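Structure first, then comments.
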Amino acid sequence: MTWIGRSLPRLEDPSLLKGHGTYVADHADGALHVAFARSPLAAGEILGIELPEIAPGGGQVFTAADLHGVGVIRPVLNRPDYRAVGQPALAAGRVVFPGQAVAVAVARTAAEAEDLAEQVFIDIEPQDPILTFDAALAEGARAVHPEAPENVLVEGNLKTKGFDEAVAQAAVVIELDLRSRRQSAVPMETRGGVASYDRATGRVTLVASVQMPHMLRTGLADVVGMAESDLRVIAPDVGGGFGQKMSLFPEYVVLVWLARKLRTKVAWIEDRRENFLASAHSRDQAFFVRGAFSAEGRLLALDANLKSNVGAFSCYPVTCGVEPLMAFGELPGPYVVPEYRGRSRGVTTNTCMMAPYRGVARPMLTFTMERLMEKAAKALGLDAVEIRRRNLITSFPHRSPTGVVYDEGSYLQAMEAAVAHVDVPAFRARQARARTEGRYLGLGVSVFSERTGYGTPVYAQRGMGIVPGYESVDLAMDPSGNVEVRIGSSPHGQGLKTALAQLVADEIGVVPDRVRVIAGDTDATPYGWGTFASRSMVIAGGATKFAAEAAADKLKAIAAKMMEVEVGAVVLDEGYARVPGTNKATPIPDLARAAHHQSQRFGLEAGIRTSGFYDPGGTFSNACHICEVEVDIETGGVKILRFVVVEDAGVLINPMIVDGQIAGGVAQGIGNALYEELIYDEDGNLLTTSLADYLPPTALEVPDLEILHMETISPESVTKAKGVGEGGTIGAPAAVLNAVADALAPFGVEIDEMPATPQKIRLAIRNMAIRNTRAPADV
Amino acid sequence: MKPAAFAYLAPTTLAEALEMIDRIGDDGKILAGGQSLVPAMNFRLARPGTLVDINGVAGLSGISGDSARGISIGALTRHAAFHTPPFSGPLADLLAKVVRNIAHYPIRQRGTFGGSLSHADPASEWCLVTATLGATLHIASLTGTREVAAADFFRGTFTTALQPSEILVRIDLPPLGAGWGTGFYEFSRRKGDFALAMALTALRIEGGTIREARLGVGGVADRALRLAKTEAFLVGQPAHAETFAAAAAMAQDSIDVSEDIHAGADYRRDLLGTVIRRALAEAAA
Ligand SMILES: Cc1cc2nc3c(=O)[nH]c(=O)nc-3n(C[C@H](O)[C@H](O)[C@H](O)COP(=O)(O)OP(=O)(O)OC[C@H]3O[C@@H](n4cnc5c(N)ncnc54)[C@H](O)[C@@H]3O)c2cc1C
């Protein structure tokens, strides 16, 4: 019997569903509460900070002047074009984005801490804020940071040898000017931390809602100026992260400093307004792209000028290069791009820092490539699916013009399967009928690759000062035969503990219930990188498999001795070591007991303790999304009628969990496509600071999905599983927006921005109708 | 997101509640369903020194009457009381249709009819209903009860005729009996969001001609608006699409529409026409 491939109910769920999960706020008992006084302005010099008069026992307020010995957060990228900018824990001298923490109040309750924080008066000489890349890149623009006089923090440039010639040969050159508006990952649980000082040892324990506890510990120890071993970081149950919780934030530096300074326990639970204002933003990008095609619709060359507004700081450890350099490096997506010219800039502004958000640059680059295919097909009189057939990567390994190597995938097959499942001709008939009734249906296709599970080679190539990527796993079987797996990865809702238990169960022959996965505690797990970049199943899974194989070897050796057979004759299955073809069988708990209590019999190290390490080069999963929409042309409202996903993530360890990842990702992608937008006014006030203004889709806006699977086995993953954490978000926006564009084809309306809000859609239709008398007259 | 400090009082009779708010004056706030007030307090946009919780006050909730005679709604009646029509006829059907557009299920279990009117959000559905149908509001204070027409009650965004010493206790809606058709159309970004524009109408049509008309719009200006001029235009007109388009155009010309991040003036004016046309068409169907 195998456990891999079964939709085992998640071992995590019973406690979460019954309300027994413990999130960071559940750790705040007995703590003093912390509130931050934040800059009301986007940019300016701090002339003075007036602190409230506080009665004895009424709390305390601290500013940058109090943080003796505390350094700045300064992530490193070893590239000549990178401008390192330091982020202080509390603003000193000047503020560079609205919501930047300037002072911190500590009091008995959160309400009292807020009372104090709101009495801090920050006297700022305002500067005109620089909010957009246009403003930042304008001639003579003020420098947001003196370290980056041009307001560019990172820039990638590349031109392949045959580029000019390829463009010259093109039958048609398609131009796109696309925009993605600023968005937030909106984790259900906001950020938060509880730092406590242990008087006996002098250690500080930080319980925080984070995705990478080991990395956070390294960063904190460096910035606060303490030994890592004096700090313990725990990620308890975490209510979503999506990338927003993988950076070292100033608030955590302040919490650790406060715990040591006050020798006590302090808690900060971020509120939603702060989360919108001052955690991290993403997706504020403008892509100007030209695609040169042959008359047969083959893409000959791609010319890209990409801009990412990375905000006021560079996120630690992955840096502000994460969006612009991924956009630059992975723009070709699933397509063969023979020649390439690319320029990609990370532009600094007086806005909240950019950090990774599920998919990072790929929702936008997929939107770009998929619009490009659609427009080229139209220009060349080709079918939009046919043009993709002619350009998708079909031989592997494939090397892109930027040097990215693609392992085995099923780009073409996944698209064909999706197209067949949807029944495009039937849709076209329905679409034609609907149009005669004044209803506008559209179908949108999106094909994409998802680079997952990549180890140190990829990060090292980016020039990161801190090179993440590998994972280590420590496995032990206790004398009762239960397994503990300690991982450096840090799942926060993905169900990884269940999936890893399934892997271990197959190797060792025990039921998954007997496998406990321990994660998210720097005192209890080996150093590792946490959960992000669709990596945990591939990398932590690979390391777990190695550790479990080693444990199985040892169990077999013990069993062979006990049953007096050759090692090779033993198999582990359903709780027993058996010798097939005989009636010899020993329960695995007996082996475990013997390993610990009769160790003298075996001539082996006592116990069963193994470890695994994995640092792969990465593997691409892929998918095709097809979306059907109806656009209400009078309101601009879009309703999603159908959403099909054909996903290839290799072997599915737990198909239900994979489907859950896809569903959540698609929901966020729909939000990106149609609803979500962070808006600053001209003065730099963020206007979207609650969930009444910033609009993620709800269950009522997200359709049921039809998910189909394909299985391409890649040698790049030892578990044969590919990552699947981000695909939904990467592919959905292009599918939705292509569908909207298809619905509006009779009006000649171009969809060039996400989110495509009702207002934008309606005004575009109306303006086109006014210009173009041939469009339906009743608009 | 913790409110500033406040005191909390929980009267059990109307007399007691009125005495309390009279004594506290400006510094007090009535707490009904709390679905608007509590978020505002958490954002510290509202900082009442004292909350007077009227949820324990007897006799403030309940619905009586019917479509033919008109109905009385206690101020503390929860939105959810209208999930299924509480009586029969066009008026009840209209209220049951409208209520589904107010926020989400849990909010409708707590939010109150009177709280919505007192709060006076420009995009409140109940404000639109009362303004369009010509409701009478009963307002109590220590000196007695006064009656205010909905038209005089709403003064602007979050602003009403209520004094700090007064409690809205009851709302009377006039009859909308047999022969009336009703229509309601709302456009919002997501299900449950406040309307970017909405229109509510009741038409009495005989032999294809409109004999009586009520028409109001919400979410487009600083308060719900009853469109008396457009109503007058509709009367005597044939109940078909051309009439409705003309009515919509009239309203578009006469209203100085509001703007926000989800809808600029241009788009909102455009939507205004659409919601009016659709509501009228539904009422005539
Ligand atoms: C997410 C969300 C979405 C929403 N969407 C909508 C929507 O689409 N449409 C809509 O109409 N509403 C919506 N609401 C608001 C909701 O309907 C509220 O219930 C309503 O606005 C206020 O009613 P309440 O009983 O909760 O009043 P409270 O919040 O308790 O009070 C609101 C104000 O009215 C005063 N007040 C309350 N009752 C009285 C009274 N009897 N006499 C005098 N003053 C009084 C209070 O002092 C306070 O100033 C939404 C709310 C939320 C949280």
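FYI, nothing fancy with the structure tokens labels: chains A, B, ... in order, residues from 1 per chain, ligands from 1 as they appear.
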
Taking only C-alpha atoms and all ligand atoms into account, list the residues no farther than 6 Å from ligand 1, as a short mmCIF file (atom, residue, chain, number, x, y, z; two decimals) with N, CA, C and O atoms, in the first residue's frame.
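As a result, out_4.cif now contains:
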```
data_model
loop_
_atom_site.label_atom_id
_atom_site.label_comp_id
_atom_site.auth_asym_id
_atom_site.auth_seq_id
_atom_site.Cartn_x
_atom_site.Cartn_y
_atom_site.Cartn_z
N LYS B 29 -23.34 58.21 22.62
CA LYS B 29 -23.78 57.62 21.35
C LYS B 29 -24.67 56.43 21.67
O LYS B 29 -24.39 55.66 22.59
N ILE B 30 -25.71 56.29 20.87
CA ILE B 30 -26.56 55.11 21.01
C ILE B 30 -25.91 53.95 20.28
O ILE B 30 -25.41 54.11 19.16
N LEU B 31 -25.92 52.80 20.92
CA LEU B 31 -25.42 51.58 20.27
C LEU B 31 -26.60 50.71 19.91
O LEU B 31 -27.34 50.26 20.78
N ALA B 32 -26.78 50.49 18.60
CA ALA B 32 -27.83 49.55 18.16
C ALA B 32 -27.14 48.27 17.72
O ALA B 32 -26.57 47.57 18.54
N GLY B 33 -27.11 47.99 16.43
CA GLY B 33 -26.44 46.76 15.97
C GLY B 33 -24.93 46.85 16.03
O GLY B 33 -24.22 45.84 15.97
N GLY B 34 -24.42 48.06 16.09
CA GLY B 34 -22.98 48.26 16.21
C GLY B 34 -22.20 48.01 14.93
O GLY B 34 -20.96 48.09 14.93
N GLN B 35 -22.88 47.74 13.83
CA GLN B 35 -22.16 47.34 12.62
C GLN B 35 -21.53 48.52 11.88
O GLN B 35 -20.67 48.33 11.03
N SER B 36 -21.94 49.72 12.21
CA SER B 36 -21.28 50.90 11.66
C SER B 36 -20.51 51.63 12.76
O SER B 36 -19.39 52.08 12.56
N LEU B 37 -21.13 51.71 13.92
CA LEU B 37 -20.51 52.48 15.01
C LEU B 37 -19.24 51.82 15.52
O LEU B 37 -18.22 52.49 15.74
N ALA B 75 -37.43 50.44 15.41
CA ALA B 75 -36.09 50.87 15.02
C ALA B 75 -35.04 49.78 15.22
O ALA B 75 -34.05 49.71 14.49
N ASN B 101 -29.22 42.80 -0.51
CA ASN B 101 -28.11 43.63 -0.98
C ASN B 101 -27.40 44.37 0.16
O ASN B 101 -26.43 45.07 -0.07
N ILE B 102 -27.93 44.22 1.36
CA ILE B 102 -27.29 44.89 2.50
C ILE B 102 -26.21 43.98 3.08
O ILE B 102 -26.52 42.93 3.62
N ALA B 103 -24.99 44.37 2.94
CA ALA B 103 -23.87 43.69 3.59
C ALA B 103 -23.94 42.18 3.43
O ALA B 103 -24.34 41.67 2.37
N GLY B 111 -27.22 44.23 12.39
CA GLY B 111 -27.54 45.59 11.98
C GLY B 111 -29.04 45.84 12.03
O GLY B 111 -29.84 44.93 11.80
N THR B 112 -29.42 47.06 12.34
CA THR B 112 -30.84 47.36 12.54
C THR B 112 -31.35 48.37 11.51
O THR B 112 -30.58 49.17 10.97
N GLY B 114 -33.35 50.92 12.14
CA GLY B 114 -33.19 52.28 12.68
C GLY B 114 -31.75 52.73 12.70
O GLY B 114 -31.45 53.91 12.49
N GLY B 115 -30.85 51.80 12.95
CA GLY B 115 -29.42 52.14 12.95
C GLY B 115 -28.99 52.60 11.57
O GLY B 115 -28.23 53.56 11.42
N SER B 116 -29.47 51.92 10.53
CA SER B 116 -29.12 52.32 9.16
C SER B 116 -29.61 53.74 8.87
O SER B 116 -28.89 54.55 8.30
N SER B 118 -30.34 56.13 11.09
CA SER B 118 -29.67 57.10 11.95
C SER B 118 -28.24 57.35 11.47
O SER B 118 -27.72 58.45 11.57
N HIS B 119 -27.62 56.29 10.97
CA HIS B 119 -26.25 56.41 10.49
C HIS B 119 -26.21 57.19 9.18
O HIS B 119 -25.28 57.95 8.92
N SER B 124 -26.97 53.54 1.83
CA SER B 124 -27.79 52.60 2.61
C SER B 124 -29.08 52.27 1.88
O SER B 124 -29.80 53.17 1.43
N GLU B 125 -29.37 50.99 1.79
CA GLU B 125 -30.59 50.56 1.10
C GLU B 125 -31.83 51.01 1.86
O GLU B 125 -32.82 51.42 1.26
N ILE B 167 -34.02 59.52 20.24
CA ILE B 167 -33.89 58.14 19.75
C ILE B 167 -34.96 57.92 18.67
O ILE B 167 -36.13 58.25 18.88
N LEU B 168 -34.52 57.38 17.57
CA LEU B 168 -35.46 56.95 16.53
C LEU B 168 -36.11 55.67 17.03
O LEU B 168 -35.41 54.70 17.36
N VAL B 169 -37.44 55.66 17.12
CA VAL B 169 -38.08 54.47 17.70
C VAL B 169 -38.88 53.66 16.68
O VAL B 169 -39.02 52.44 16.83
N GLY B 192 -22.48 42.38 -1.55
CA GLY B 192 -22.44 42.82 -0.16
C GLY B 192 -21.76 44.15 0.07
O GLY B 192 -21.88 44.73 1.13
N ASP B 193 -21.02 44.64 -0.94
CA ASP B 193 -20.41 45.96 -0.78
C ASP B 193 -21.47 47.05 -0.90
O ASP B 193 -22.54 46.83 -1.47
N PHE B 194 -21.14 48.22 -0.37
CA PHE B 194 -22.04 49.35 -0.56
C PHE B 194 -22.19 49.63 -2.05
O PHE B 194 -21.24 49.48 -2.83
#
```

Residues of chain A within 9 Å of chain B: nearest atom pair and distance (Å, one decimal) for each, counting only C-alpha atoms, sorted by chain and number, as JSON lines?
```
{"residue": "A:Ala110", "atom": "CA", "partner": "B:Lys2", "partner_atom": "CA", "distance": 7.0}
{"residue": "A:Ala111", "atom": "CA", "partner": "B:Lys2", "partner_atom": "CA", "distance": 5.1}
{"residue": "A:Glu112", "atom": "CA", "partner": "B:Ala4", "partner_atom": "CA", "distance": 8.3}
{"residue": "A:Glu114", "atom": "CA", "partner": "B:Lys2", "partner_atom": "CA", "distance": 7.3}
{"residue": "A:Asp115", "atom": "CA", "partner": "B:Ala4", "partner_atom": "CA", "distance": 6.9}
{"residue": "A:Glu270", "atom": "CA", "partner": "B:Met1", "partner_atom": "CA", "distance": 8.7}
{"residue": "A:Asp271", "atom": "CA", "partner": "B:Met1", "partner_atom": "CA", "distance": 5.9}
{"residue": "A:Arg272", "atom": "CA", "partner": "B:Met1", "partner_atom": "CA", "distance": 7.9}
{"residue": "A:Arg273", "atom": "CA", "partner": "B:Met1", "partner_atom": "CA", "distance": 8.0}
{"residue": "A:Glu634", "atom": "CA", "partner": "B:Thr274", "partner_atom": "CA", "distance": 6.6}
{"residue": "A:Thr635", "atom": "CA", "partner": "B:Leu271", "partner_atom": "CA", "distance": 6.1}
{"residue": "A:Gly637", "atom": "CA", "partner": "B:Arg189", "partner_atom": "CA", "distance": 7.8}
{"residue": "A:Tyr675", "atom": "CA", "partner": "B:Arg189", "partner_atom": "CA", "distance": 7.7}
{"residue": "A:Ile679", "atom": "CA", "partner": "B:Ile261", "partner_atom": "CA", "distance": 8.0}
{"residue": "A:Leu687", "atom": "CA", "partner": "B:Ile261", "partner_atom": "CA", "distance": 8.0}
{"residue": "A:Thr688", "atom": "CA", "partner": "B:Ile261", "partner_atom": "CA", "distance": 8.8}
{"residue": "A:Ala692", "atom": "CA", "partner": "B:Asp193", "partner_atom": "CA", "distance": 7.5}
{"residue": "A:Asp693", "atom": "CA", "partner": "B:Ile261", "partner_atom": "CA", "distance": 8.1}
{"residue": "A:Leu695", "atom": "CA", "partner": "B:Arg190", "partner_atom": "CA", "distance": 7.8}
{"residue": "A:Pro696", "atom": "CA", "partner": "B:Arg190", "partner_atom": "CA", "distance": 8.9}
{"residue": "A:Pro697", "atom": "CA", "partner": "B:Arg190", "partner_atom": "CA", "distance": 7.2}
{"residue": "A:Thr698", "atom": "CA", "partner": "B:Arg190", "partner_atom": "CA", "distance": 7.7}
{"residue": "A:Leu700", "atom": "CA", "partner": "B:Lys191", "partner_atom": "CA", "distance": 6.8}
{"residue": "A:Glu701", "atom": "CA", "partner": "B:Arg190", "partner_atom": "CA", "distance": 7.0}
{"residue": "A:Thr757", "atom": "CA", "partner": "B:His262", "partner_atom": "CA", "distance": 8.3}
{"residue": "A:Pro758", "atom": "CA", "partner": "B:Arg189", "partner_atom": "CA", "distance": 7.7}
{"residue": "A:Gln759", "atom": "CA", "partner": "B:Tyr267", "partner_atom": "CA", "distance": 6.0}
{"residue": "A:Lys760", "atom": "CA", "partner": "B:Tyr267", "partner_atom": "CA", "distance": 8.7}
{"residue": "A:Arg762", "atom": "CA", "partner": "B:Tyr267", "partner_atom": "CA", "distance": 7.6}
{"residue": "A:Leu763", "atom": "CA", "partner": "B:Tyr267", "partner_atom": "CA", "distance": 6.7}
```

Could you give me, as JSON lines, a per-residue list for range 172-245 of chain A showing, wherever an atom lies at most 12 Å from an atom of range 379-392 of chain A, the closest pair of atoms and their distance in Å to one decimal, using only C-alpha atoms and sorting by chain then residue number from low to high?
```
{"residue": "A:Val172", "atom": "CA", "partner": "A:Ala379", "partner_atom": "CA", "distance": 7.7}
{"residue": "A:Val173", "atom": "CA", "partner": "A:Ala379", "partner_atom": "CA", "distance": 9.3}
{"residue": "A:Ile174", "atom": "CA", "partner": "A:Ala379", "partner_atom": "CA", "distance": 8.2}
{"residue": "A:Glu175", "atom": "CA", "partner": "A:Ala379", "partner_atom": "CA", "distance": 11.2}
```

Output the selection as a PDB file, in the first residue's frame - all heavy atoms for each residue.
```pdb
ATOM      1  N   VAL A 172       5.647  41.052 -38.508  1.00  0.00           N
ATOM      2  CA  VAL A 172       4.833  41.969 -37.731  1.00  0.00           C
ATOM      3  C   VAL A 172       5.461  42.140 -36.339  1.00  0.00           C
ATOM      4  O   VAL A 172       6.038  41.203 -35.793  1.00  0.00           O
ATOM      5  CB  VAL A 172       3.366  41.474 -37.639  1.00  0.00           C
ATOM      6  CG1 VAL A 172       3.285  40.022 -37.242  1.00  0.00           C
ATOM      7  CG2 VAL A 172       2.548  42.302 -36.665  1.00  0.00           C
ATOM      8  N   VAL A 173       5.398  43.359 -35.850  1.00  0.00           N
ATOM      9  CA  VAL A 173       5.881  43.629 -34.488  1.00  0.00           C
ATOM     10  C   VAL A 173       4.696  44.121 -33.668  1.00  0.00           C
ATOM     11  O   VAL A 173       4.046  45.099 -34.020  1.00  0.00           O
ATOM     12  CB  VAL A 173       7.015  44.672 -34.488  1.00  0.00           C
ATOM     13  CG1 VAL A 173       7.418  45.014 -33.055  1.00  0.00           C
ATOM     14  CG2 VAL A 173       8.217  44.152 -35.275  1.00  0.00           C
ATOM     15  N   ILE A 174       4.405  43.389 -32.592  1.00  0.00           N
ATOM     16  CA  ILE A 174       3.250  43.713 -31.743  1.00  0.00           C
ATOM     17  C   ILE A 174       3.752  44.464 -30.509  1.00  0.00           C
ATOM     18  O   ILE A 174       4.704  44.041 -29.874  1.00  0.00           O
ATOM     19  CB  ILE A 174       2.543  42.413 -31.282  1.00  0.00           C
ATOM     20  CG1 ILE A 174       2.165  41.540 -32.472  1.00  0.00           C
ATOM     21  CG2 ILE A 174       1.340  42.751 -30.407  1.00  0.00           C
ATOM     22  CD1 ILE A 174       1.133  42.146 -33.381  1.00  0.00           C
ATOM     23  N   GLU A 175       3.079  45.555 -30.203  1.00  0.00           N
ATOM     24  CA  GLU A 175       3.489  46.368 -29.056  1.00  0.00           C
ATOM     25  C   GLU A 175       2.473  46.261 -27.941  1.00  0.00           C
ATOM     26  O   GLU A 175       1.275  46.298 -28.176  1.00  0.00           O
ATOM     27  CB  GLU A 175       3.532  47.831 -29.484  1.00  0.00           C
ATOM     28  CG  GLU A 175       4.918  48.354 -29.623  1.00  0.00           C
ATOM     29  CD  GLU A 175       4.919  49.841 -29.976  1.00  0.00           C
ATOM     30  OE1 GLU A 175       4.098  50.610 -29.410  1.00  0.00           O
ATOM     31  OE2 GLU A 175       5.738  50.205 -30.817  1.00  0.00           O
TER      32      GLU A 175
END
```

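Between CA of Val204 in chain A and CA of Leu231 in chain A the separation is 5.0 Å.
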
Strand (DSSP E) call set, DSSP backbone run, range 331-499 of chain A, as a PyMOL selection string: chain A and resi 339-348+398-399+405-406+440-452+471-477+483-487

Contact residues around range 13-25 of chain A with only C-alpha atoms at 6 Å, ignoring same-chain residues under 6 positions, as a list in words: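 What passes the distance filter is Ala208, Pro236 and Asp237 of chain A.
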
Who sits within 10 Å of Gly216 in chain B, only C-alpha atoms, same chain under 6 positions skipped, as a VMD selection string: chain B and resid 128 to 133 184 198 to 202 224 to 228 230 to 231 251 276 279

Output the selection as a compact mmCIF listing (two decimals), in the first residue's frame - N, CA and C atoms for each residue.
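This went into part13.txt:
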```
# COMPACT_ATOMS: atom_id res chain seq x y z
N LEU B 128 -32.66 54.50 1.22
CA LEU B 128 -33.28 54.65 -0.11
C LEU B 128 -34.76 54.26 -0.06
N VAL B 129 -35.04 53.15 0.63
CA VAL B 129 -36.43 52.68 0.73
C VAL B 129 -37.29 53.76 1.40
N THR B 130 -36.83 54.28 2.51
CA THR B 130 -37.65 55.25 3.26
C THR B 130 -37.78 56.56 2.50
N ALA B 131 -36.69 56.99 1.86
CA ALA B 131 -36.76 58.25 1.12
C ALA B 131 -37.70 58.12 -0.08
N THR B 132 -37.61 57.00 -0.79
CA THR B 132 -38.39 56.86 -2.02
C THR B 132 -39.87 56.64 -1.74
N LEU B 133 -40.15 55.83 -0.72
CA LEU B 133 -41.56 55.50 -0.46
C LEU B 133 -42.23 56.53 0.45
N PHE B 184 -35.87 47.04 -8.17
CA PHE B 184 -34.69 47.49 -7.45
C PHE B 184 -33.47 46.99 -8.20
N MET B 198 -27.60 52.75 -7.04
CA MET B 198 -28.77 51.86 -6.98
C MET B 198 -30.02 52.68 -7.20
N ALA B 199 -31.05 51.99 -7.69
CA ALA B 199 -32.33 52.67 -7.92
C ALA B 199 -33.45 51.78 -7.42
N LEU B 200 -34.46 52.42 -6.87
CA LEU B 200 -35.62 51.71 -6.36
C LEU B 200 -36.86 52.38 -6.92
N THR B 201 -37.78 51.57 -7.35
CA THR B 201 -38.98 52.18 -7.94
C THR B 201 -40.22 51.34 -7.66
N ALA B 202 -41.35 52.01 -7.66
CA ALA B 202 -42.65 51.32 -7.63
C ALA B 202 -43.52 52.01 -8.68
N ALA B 224 -29.74 59.49 0.00
CA ALA B 224 -30.70 58.88 -0.93
C ALA B 224 -31.62 59.98 -1.45
N LEU B 225 -31.92 59.92 -2.76
CA LEU B 225 -32.71 60.98 -3.36
C LEU B 225 -34.00 60.41 -3.95
N ARG B 226 -35.11 61.01 -3.60
CA ARG B 226 -36.36 60.69 -4.31
C ARG B 226 -36.46 61.65 -5.48
N LEU B 227 -36.73 61.13 -6.67
CA LEU B 227 -36.69 61.95 -7.88
C LEU B 227 -38.11 62.37 -8.26
N ALA B 228 -38.59 63.40 -7.58
CA ALA B 228 -40.00 63.80 -7.74
C ALA B 228 -40.30 64.25 -9.17
N THR B 230 -38.82 63.38 -11.94
CA THR B 230 -38.84 62.23 -12.86
C THR B 230 -40.10 61.40 -12.63
N GLU B 231 -40.51 61.28 -11.38
CA GLU B 231 -41.77 60.59 -11.08
C GLU B 231 -42.91 61.25 -11.85
N ALA B 251 -32.72 62.05 -14.83
CA ALA B 251 -32.05 61.95 -13.53
C ALA B 251 -30.56 62.24 -13.67
N ILE B 276 -31.26 53.01 -13.05
CA ILE B 276 -32.65 53.50 -13.16
C ILE B 276 -33.39 52.73 -14.24
N ALA B 279 -34.14 49.18 -12.98
CA ALA B 279 -35.15 49.10 -11.92
C ALA B 279 -36.54 49.34 -12.52
```

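Computed from the coordinates, the CA of Ala739 in chain A to CA of Ala420 in chain A distance equals 17.0 Å.
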